[in-house]
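*Asks:* Can you read through this structure? Questions will come right after.
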Amino acid sequence: MAPGNALTPPLMTVCPGNVVRRYGFALPAHAESVCRARQLTRERLGRWGTTDETLETAILIISELVTNAVVHAPGDHVICELREENGRLRIAVEDQGFGPMGPQLHRASDDEGGRGLLLVDAMSSCWGTHDTSGYGAGRVVWAELPHEAGQPC
C-alpha cells in the first residue's frame, strides 16, 4: 500500500532510502483531548530524536489545531498525524466539520480566542487546510516545520 491517507496525500513514488516516519492517533472531541494530544506528540517526537526547539513548537501547534477542531467543528473525534520526511515535520489534525469557510486568521482580535492560527502561522514554515475526500464530511488542517531528527528508536 502506498504511503498516504486522508490526512496526507499519497506519494507518487517512494525512492529507496527515503525515510518516512508516520504516527497517527484518534481522540474524542473533548477539551481534555488537547492535553493527551500534547503528551502523545511529546512521546513520539522524543522517540524520533527531535530537537528540543522543534519538539516544543510541534507541541504548541498540535495543541492549537486540536483545540480548534474540538471547539469549532462538530463531531465525536479528531484524528491527528505526525509525519517526518525529508527534513520536514508535518502535523495534521482532521475533524468532522464541514462548511463553506475553512479556518481563518484573525489578525485584529481583542477576544481571548481566535488567535491560535496566528501562532500556527508564525511558528510553522507553512500551513493549510483541505476538505477530506471521498468518505464523509471533514476538514484537515496541517502545518509543517523543518525537522532534524536523530536516529530512530
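Each chain in the C-alpha cells gets a letter, A, B, ..., in the order shown, and its residues are numbered from 1; ligands are numbered from 1 in order too.
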For segment 57-64 of chain A, list every protein, DNA or RNA residue within 8 Å, evaluated using only C-alpha atoms, and leave out those in the same chain fewer than 2 positions away; present the list as an mmCIF file with N, CA and C atoms, in the first residue's frame.

*Replies:*
```cif
data_model
loop_
_atom_site.group_PDB
_atom_site.id
_atom_site.type_symbol
_atom_site.label_atom_id
_atom_site.label_comp_id
_atom_site.auth_asym_id
_atom_site.auth_seq_id
_atom_site.Cartn_x
_atom_site.Cartn_y
_atom_site.Cartn_z
ATOM 1 N N VAL A 34 -6.920 17.708 24.277
ATOM 2 C CA VAL A 34 -5.804 18.594 23.911
ATOM 3 C C VAL A 34 -4.559 18.194 24.698
ATOM 4 N N CYS A 35 -4.717 17.955 25.978
ATOM 5 C CA CYS A 35 -3.589 17.529 26.816
ATOM 6 C C CYS A 35 -3.038 16.188 26.341
ATOM 7 N N ALA A 37 -3.192 14.935 23.323
ATOM 8 C CA ALA A 37 -2.503 15.148 22.046
ATOM 9 C C ALA A 37 -1.089 15.673 22.283
ATOM 10 N N ARG A 38 -0.942 16.583 23.236
ATOM 11 C CA ARG A 38 0.402 17.092 23.568
ATOM 12 C C ARG A 38 1.290 15.968 24.091
ATOM 13 N N THR A 41 2.286 13.537 21.293
ATOM 14 C CA THR A 41 3.238 14.200 20.398
ATOM 15 C C THR A 41 4.619 14.262 21.050
ATOM 16 N N ARG A 42 4.660 14.639 22.311
ATOM 17 C CA ARG A 42 5.945 14.710 23.029
ATOM 18 C C ARG A 42 6.627 13.344 23.055
ATOM 19 N N GLU A 53 13.783 22.415 20.400
ATOM 20 C CA GLU A 53 13.064 23.553 19.821
ATOM 21 C C GLU A 53 11.919 23.086 18.914
ATOM 22 N N THR A 54 12.207 22.132 18.045
ATOM 23 C CA THR A 54 11.164 21.604 17.156
ATOM 24 C C THR A 54 10.090 20.891 17.964
ATOM 25 N N LEU A 55 10.486 20.156 18.977
ATOM 26 C CA LEU A 55 9.533 19.441 19.820
ATOM 27 C C LEU A 55 8.564 20.410 20.481
ATOM 28 N N VAL A 66 -5.730 20.946 17.627
ATOM 29 C CA VAL A 66 -6.722 20.095 18.286
ATOM 30 C C VAL A 66 -7.756 20.961 19.003
ATOM 31 N N THR A 67 -7.305 22.023 19.651
ATOM 32 C CA THR A 67 -8.251 22.933 20.304
ATOM 33 C C THR A 67 -9.255 23.485 19.300
ATOM 34 N N ASN A 68 -8.770 23.945 18.156
ATOM 35 C CA ASN A 68 -9.680 24.473 17.128
ATOM 36 C C ASN A 68 -10.666 23.412 16.659
ATOM 37 N N ILE A 91 2.343 18.198 10.770
ATOM 38 C CA ILE A 91 1.380 17.950 11.835
ATOM 39 C C ILE A 91 0.009 18.203 11.236
ATOM 40 N N ALA A 92 -0.857 17.199 11.274
ATOM 41 C CA ALA A 92 -2.185 17.335 10.674
ATOM 42 C C ALA A 92 -3.248 16.900 11.664
ATOM 43 N N VAL A 93 -4.364 17.626 11.676
ATOM 44 C CA VAL A 93 -5.494 17.289 12.524
ATOM 45 C C VAL A 93 -6.744 17.303 11.659
ATOM 46 N N GLY A 116 -5.239 31.445 17.687
ATOM 47 C CA GLY A 116 -4.471 30.208 17.585
ATOM 48 C C GLY A 116 -3.811 30.019 16.248
ATOM 49 N N LEU A 117 -4.528 30.304 15.174
ATOM 50 C CA LEU A 117 -3.934 30.142 13.849
ATOM 51 C C LEU A 117 -2.860 31.187 13.567
ATOM 52 N N LEU A 119 -0.655 31.973 15.798
ATOM 53 C CA LEU A 119 0.520 31.292 16.354
ATOM 54 C C LEU A 119 1.027 30.218 15.399
ATOM 55 N N VAL A 120 0.103 29.423 14.862
ATOM 56 C CA VAL A 120 0.485 28.375 13.916
ATOM 57 C C VAL A 120 1.177 29.002 12.712
ATOM 58 N N MET A 123 4.718 30.236 13.701
ATOM 59 C CA MET A 123 5.698 29.247 14.143
ATOM 60 C C MET A 123 5.983 28.163 13.117
ATOM 61 N N ALA A 143 0.201 21.776 9.422
ATOM 62 C CA ALA A 143 1.298 22.739 9.495
ATOM 63 C C ALA A 143 2.598 21.967 9.346
ATOM 64 N N LEU A 145 7.007 22.024 9.772
ATOM 65 C CA LEU A 145 8.191 22.590 10.413
ATOM 66 C C LEU A 145 9.425 21.941 9.820
#
```

*Asks:* Which polymer residues have any atom within 10 Å of an atom of Val19 of chain A, counting only C-alpha atoms, with same-chain residues fewer than 5 positions away left out, as an NGL selection string?

*Replies:* :A and (14 or 84-87)

*Asks:* Mind writing the picked residues with all heavy atoms as a CSV table (one decimal), in the first residue's frame?

*Replies:*
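Once written, again37.csv looks like this:
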```
chain,number,residue,atom,x,y,z
A,14,VAL,N,8.1,6.4,-4.0
A,14,VAL,CA,9.0,6.4,-2.8
A,14,VAL,C,10.3,5.8,-3.3
A,14,VAL,O,10.3,4.6,-3.7
A,14,VAL,CB,8.4,5.7,-1.6
A,14,VAL,CG1,9.4,5.7,-0.5
A,14,VAL,CG2,7.1,6.3,-1.2
A,84,GLU,N,7.2,12.7,9.4
A,84,GLU,CA,8.5,13.2,9.2
A,84,GLU,C,9.1,12.6,7.9
A,84,GLU,O,9.1,11.4,7.7
A,84,GLU,CB,9.4,12.9,10.4
A,84,GLU,CG,10.7,13.6,10.4
A,84,GLU,CD,11.8,12.9,9.6
A,84,GLU,OE1,11.9,11.6,9.6
A,84,GLU,OE2,12.6,13.6,8.9
A,85,GLU,N,9.5,13.5,7.0
A,85,GLU,CA,10.1,13.1,5.8
A,85,GLU,C,10.9,14.2,5.2
A,85,GLU,O,10.5,15.4,5.2
A,85,GLU,CB,8.9,12.7,4.8
A,85,GLU,CG,9.4,12.3,3.4
A,85,GLU,CD,8.2,12.1,2.5
A,85,GLU,OE1,7.1,12.5,2.8
A,85,GLU,OE2,8.4,11.4,1.5
A,86,ASN,N,12.1,13.8,4.7
A,86,ASN,CA,13.0,14.8,4.0
A,86,ASN,C,13.2,16.1,4.8
A,86,ASN,O,13.1,17.1,4.3
A,86,ASN,CB,12.4,15.1,2.6
A,86,ASN,CG,12.4,13.9,1.7
A,86,ASN,OD1,13.2,13.0,1.9
A,86,ASN,ND2,11.4,13.8,0.9
A,87,GLY,N,13.4,15.9,6.1
A,87,GLY,CA,13.7,17.1,6.9
A,87,GLY,C,12.5,18.0,7.2
A,87,GLY,O,12.7,19.1,7.6
```

*Asks:* For Asp95 of chain A, which residue among A:Arg83, A:Arg36, A:Arg139, A:Arg47 is the nearest when counting only C-alpha atoms?

*Replies:*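 Selected residue with least distance to Asp95 of chain A: A:Arg139.
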
*Asks:* Compare A:Gln39, A:Thr132, A:Gln96, A:Ser124 by their minimum atom-to-atom distance to Val71 of chain A, counting only C-alpha atoms, and give me the closest one.

*Replies:*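 Residue with the minimum atom-to-atom distance to Val71 of chain A: A:Gln96.
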
*Asks:* Counting only C-alpha atoms, which residue out of A:Ala69, A:Cys126, A:Glu43, A:Ala137 sits closest to Arg90 of chain A?

*Replies:*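 The answer is A:Cys126, which sits nearest to Arg90 of chain A.
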
*Asks:* Quick one: pull the distance between atom CA of Cys80 of chain A and atom CA of Glu94 of chain A, Å, one decimal.

*Replies:*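 One can read the atom CA of Cys80 of chain A to atom CA of Glu94 of chain A distance as 6.4 Å.
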
*Asks:* Counting only C-alpha atoms, which residue out of A:Val70, A:Val78, A:Leu89, A:Ala26 sits closest to Trp48 of chain A?

*Replies:*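 Counting only C-alpha atoms, the residue closest to Trp48 of chain A is A:Leu89.
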